[in-house]
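Visitor: Right, I'll just put the structure down here and ask away after.
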Amino acid sequence: MSTTSIPFAVRGAVILVPFPFTDLTTTKRRPAVILSTTAQIAGTADVVIAQVTGNVQRGAIGDYLILDWAQAGLRMASVVRPKLATIHTSLILRHLGKVTDRDLAGIEASVRIALGL
């Protein structure tokens, strides 16, 4: 499946995917935010994603509380965790929405902090 058949595969899109656990032996259906740039997405059928969770109580370095979660297509207040994965676009189960520009800027800053960049 090419990315041209997935018009919502863009930076900042909120999608539902089978997110891999750290041990890679199992997955859990959960929202994620696409972090790949437009150029990266155009050059491959893979996207880099960050995990989204409704567990807003547990704070960790690099967590970002989505301010405009309803606009992003989420059902509740949510946090982007710097748990990153690269997946093929064929694994995208559904498009939920898109984070606002201010949330995308906050996510990018949080990921940089988590990765020490």
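Letters A, B, ... go to the chains of the structure tokens in the order shown; residues in each chain start at 1; ligands are counted from 1 in the same order.
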Extract the full set of strand (DSSP E) residues from chain A according to DSSP on the backbone, and format it as a PyMOL selection string.

Guide: chain A and resi 13-20+27-34+46-53+64-65+79-88+94-98

Visitor: Extract, using only C-alpha atoms, all DNA, RNA and protein residues at most 9 Å from A:Asp103, discarding same-chain residues fewer than 5 positions from it, and format them as a PyMOL selection string.

Guide: chain A and resi 12+64-69+108

Visitor: Show me, as a compact mmCIF listing (two decimals) with C-alpha atoms, in the first residue's frame, the residues that have an atom within 6 Å of stretch 47-54 of chain A when counting only C-alpha atoms, minus same-chain residues fewer than 3 positions from it.

Guide:
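Result file around-v3.txt:
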```
# COMPACT_ATOMS: atom_id res chain seq x y z
CA PRO A 31 -3.80 6.08 19.22
CA ALA A 32 -0.51 7.46 17.99
CA VAL A 33 0.74 10.69 16.44
CA ILE A 34 2.69 10.64 13.19
CA LEU A 35 6.04 12.43 13.62
CA SER A 36 7.51 11.75 10.18
CA SER A 78 -4.42 12.38 26.55
CA VAL A 79 -0.65 12.43 26.73
CA VAL A 80 1.89 11.82 23.97
CA ARG A 81 4.64 9.59 25.32
CA PRO A 82 8.09 9.52 23.74
CA LYS A 83 7.67 5.81 23.02
CA LEU A 84 8.49 5.80 19.33
CA ALA A 85 8.03 3.19 16.66
CA THR A 86 8.34 2.96 12.90
CA ILE A 87 5.43 1.21 11.22
```

Visitor: Within 12 Å of A:Thr27, counting only C-alpha atoms, which residues qualify if same-chain residues fewer than 5 places away don't, as a PyMOL selection string?

Guide: chain A and resi 16-22+51+85+91

Visitor: I need the residues from that last selection saved to file as a PDB file, in the first residue's frame (with N, CA and C atoms), if you can.

Guide:
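And here is the file that came out, result-v8.pdb:
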```pdb
ATOM      1  N   LEU A  16      -5.067   5.353  14.696  1.00  0.00           N
ATOM      2  CA  LEU A  16      -5.197   4.163  15.543  1.00  0.00           C
ATOM      3  C   LEU A  16      -4.355   3.069  14.916  1.00  0.00           C
ATOM      4  N   VAL A  17      -3.468   2.483  15.717  1.00  0.00           N
ATOM      5  CA  VAL A  17      -2.542   1.465  15.211  1.00  0.00           C
ATOM      6  C   VAL A  17      -2.358   0.358  16.243  1.00  0.00           C
ATOM      7  N   PRO A  18      -1.895  -0.804  15.805  1.00  0.00           N
ATOM      8  CA  PRO A  18      -1.471  -1.832  16.762  1.00  0.00           C
ATOM      9  C   PRO A  18      -0.066  -1.468  17.252  1.00  0.00           C
ATOM     10  N   PHE A  19       0.010  -0.698  18.345  1.00  0.00           N
ATOM     11  CA  PHE A  19       1.287  -0.174  18.830  1.00  0.00           C
ATOM     12  C   PHE A  19       2.086  -1.301  19.471  1.00  0.00           C
ATOM     13  N   PRO A  20       3.343  -1.467  19.068  1.00  0.00           N
ATOM     14  CA  PRO A  20       4.151  -2.565  19.625  1.00  0.00           C
ATOM     15  C   PRO A  20       4.619  -2.293  21.051  1.00  0.00           C
ATOM     16  N   PHE A  21       4.591  -3.329  21.870  1.00  0.00           N
ATOM     17  CA  PHE A  21       5.178  -3.237  23.205  1.00  0.00           C
ATOM     18  C   PHE A  21       6.693  -3.313  23.061  1.00  0.00           C
ATOM     19  N   THR A  22       7.408  -2.936  24.108  1.00  0.00           N
ATOM     20  CA  THR A  22       8.864  -2.888  24.061  1.00  0.00           C
ATOM     21  C   THR A  22       9.483  -4.215  23.640  1.00  0.00           C
ATOM     22  N   GLN A  51       3.479   7.190  20.827  1.00  0.00           N
ATOM     23  CA  GLN A  51       2.332   6.629  21.547  1.00  0.00           C
ATOM     24  C   GLN A  51       1.482   7.726  22.185  1.00  0.00           C
ATOM     25  N   ALA A  85       7.970   4.396  17.476  1.00  0.00           N
ATOM     26  CA  ALA A  85       8.033   3.190  16.657  1.00  0.00           C
ATOM     27  C   ALA A  85       7.960   3.611  15.197  1.00  0.00           C
ATOM     28  N   LEU A  91      -0.442  -0.700   8.393  1.00  0.00           N
ATOM     29  CA  LEU A  91      -0.874  -1.057   9.747  1.00  0.00           C
ATOM     30  C   LEU A  91      -1.823  -0.034  10.359  1.00  0.00           C
TER      31      LEU A  91
END
```

Visitor: Which residue out of A:Ala72, A:Thr38, A:Arg94, A:Gly62 has the minimum interatomic distance to A:Leu117 when only C-alpha atoms are used?

Guide: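 Of all the options, A:Gly62 lies closest to A:Leu117.
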
Visitor: I'd like the interatomic distance between atom CA of A:Phe8 and atom CA of A:Ala39, to a tenth of an Å.

Guide: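 Computed distance, atom CA of A:Phe8 to atom CA of A:Ala39, equals 14.3 Å.
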
Visitor: Which residue, A:Val56, A:Lys98, A:Lys28, A:Ile61, has the smallest gap to A:Gly116 when you use only C-alpha atoms?

Guide: A:Ile61

Visitor: Rank nothing, just name the residue among A:Ala45, A:Asp63, A:Arg102, A:Ala77 nearest to A:Leu115, using only C-alpha atoms.

Guide: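 Of the candidates, the smallest distance to A:Leu115 is held by A:Asp63.
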
Visitor: Separation of atom CA of A:Ile6 and atom CA of A:Gly73, in Å?

Guide: 17.3 Å

Visitor: Out of chain A, which residues get helix (DSSP H, G or I) from DSSP, as a ChimeraX atom specification?

Guide: /A:3-5,38-43,89-91,101-115

Visitor: Would you compute the distance between atom CA of A:Arg11 and atom CA of A:Thr89? Give it in Å to one decimal.

Guide: 12.9 Å

Visitor: Show which residues sit within 9 Å of A:Gln71, as a PyMOL selection string. Count only C-alpha atoms, and ignore same-chain residues fewer than 4 positions away.

Guide: chain A and resi 97-100

Visitor: Mind writing the picked residues with C-alpha atoms as an mmCIF file, in the first residue's frame?

Guide:
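Generated output (part.cif):
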```
data_model
loop_
_atom_site.group_PDB
_atom_site.id
_atom_site.type_symbol
_atom_site.label_atom_id
_atom_site.label_comp_id
_atom_site.auth_asym_id
_atom_site.auth_seq_id
_atom_site.Cartn_x
_atom_site.Cartn_y
_atom_site.Cartn_z
ATOM 1 C CA GLY A 97 -7.854 13.478 13.586
ATOM 2 C CA LYS A 98 -4.907 15.848 13.674
ATOM 3 C CA VAL A 99 -3.187 17.704 16.493
ATOM 4 C CA THR A 100 -3.211 21.493 16.383
#
```
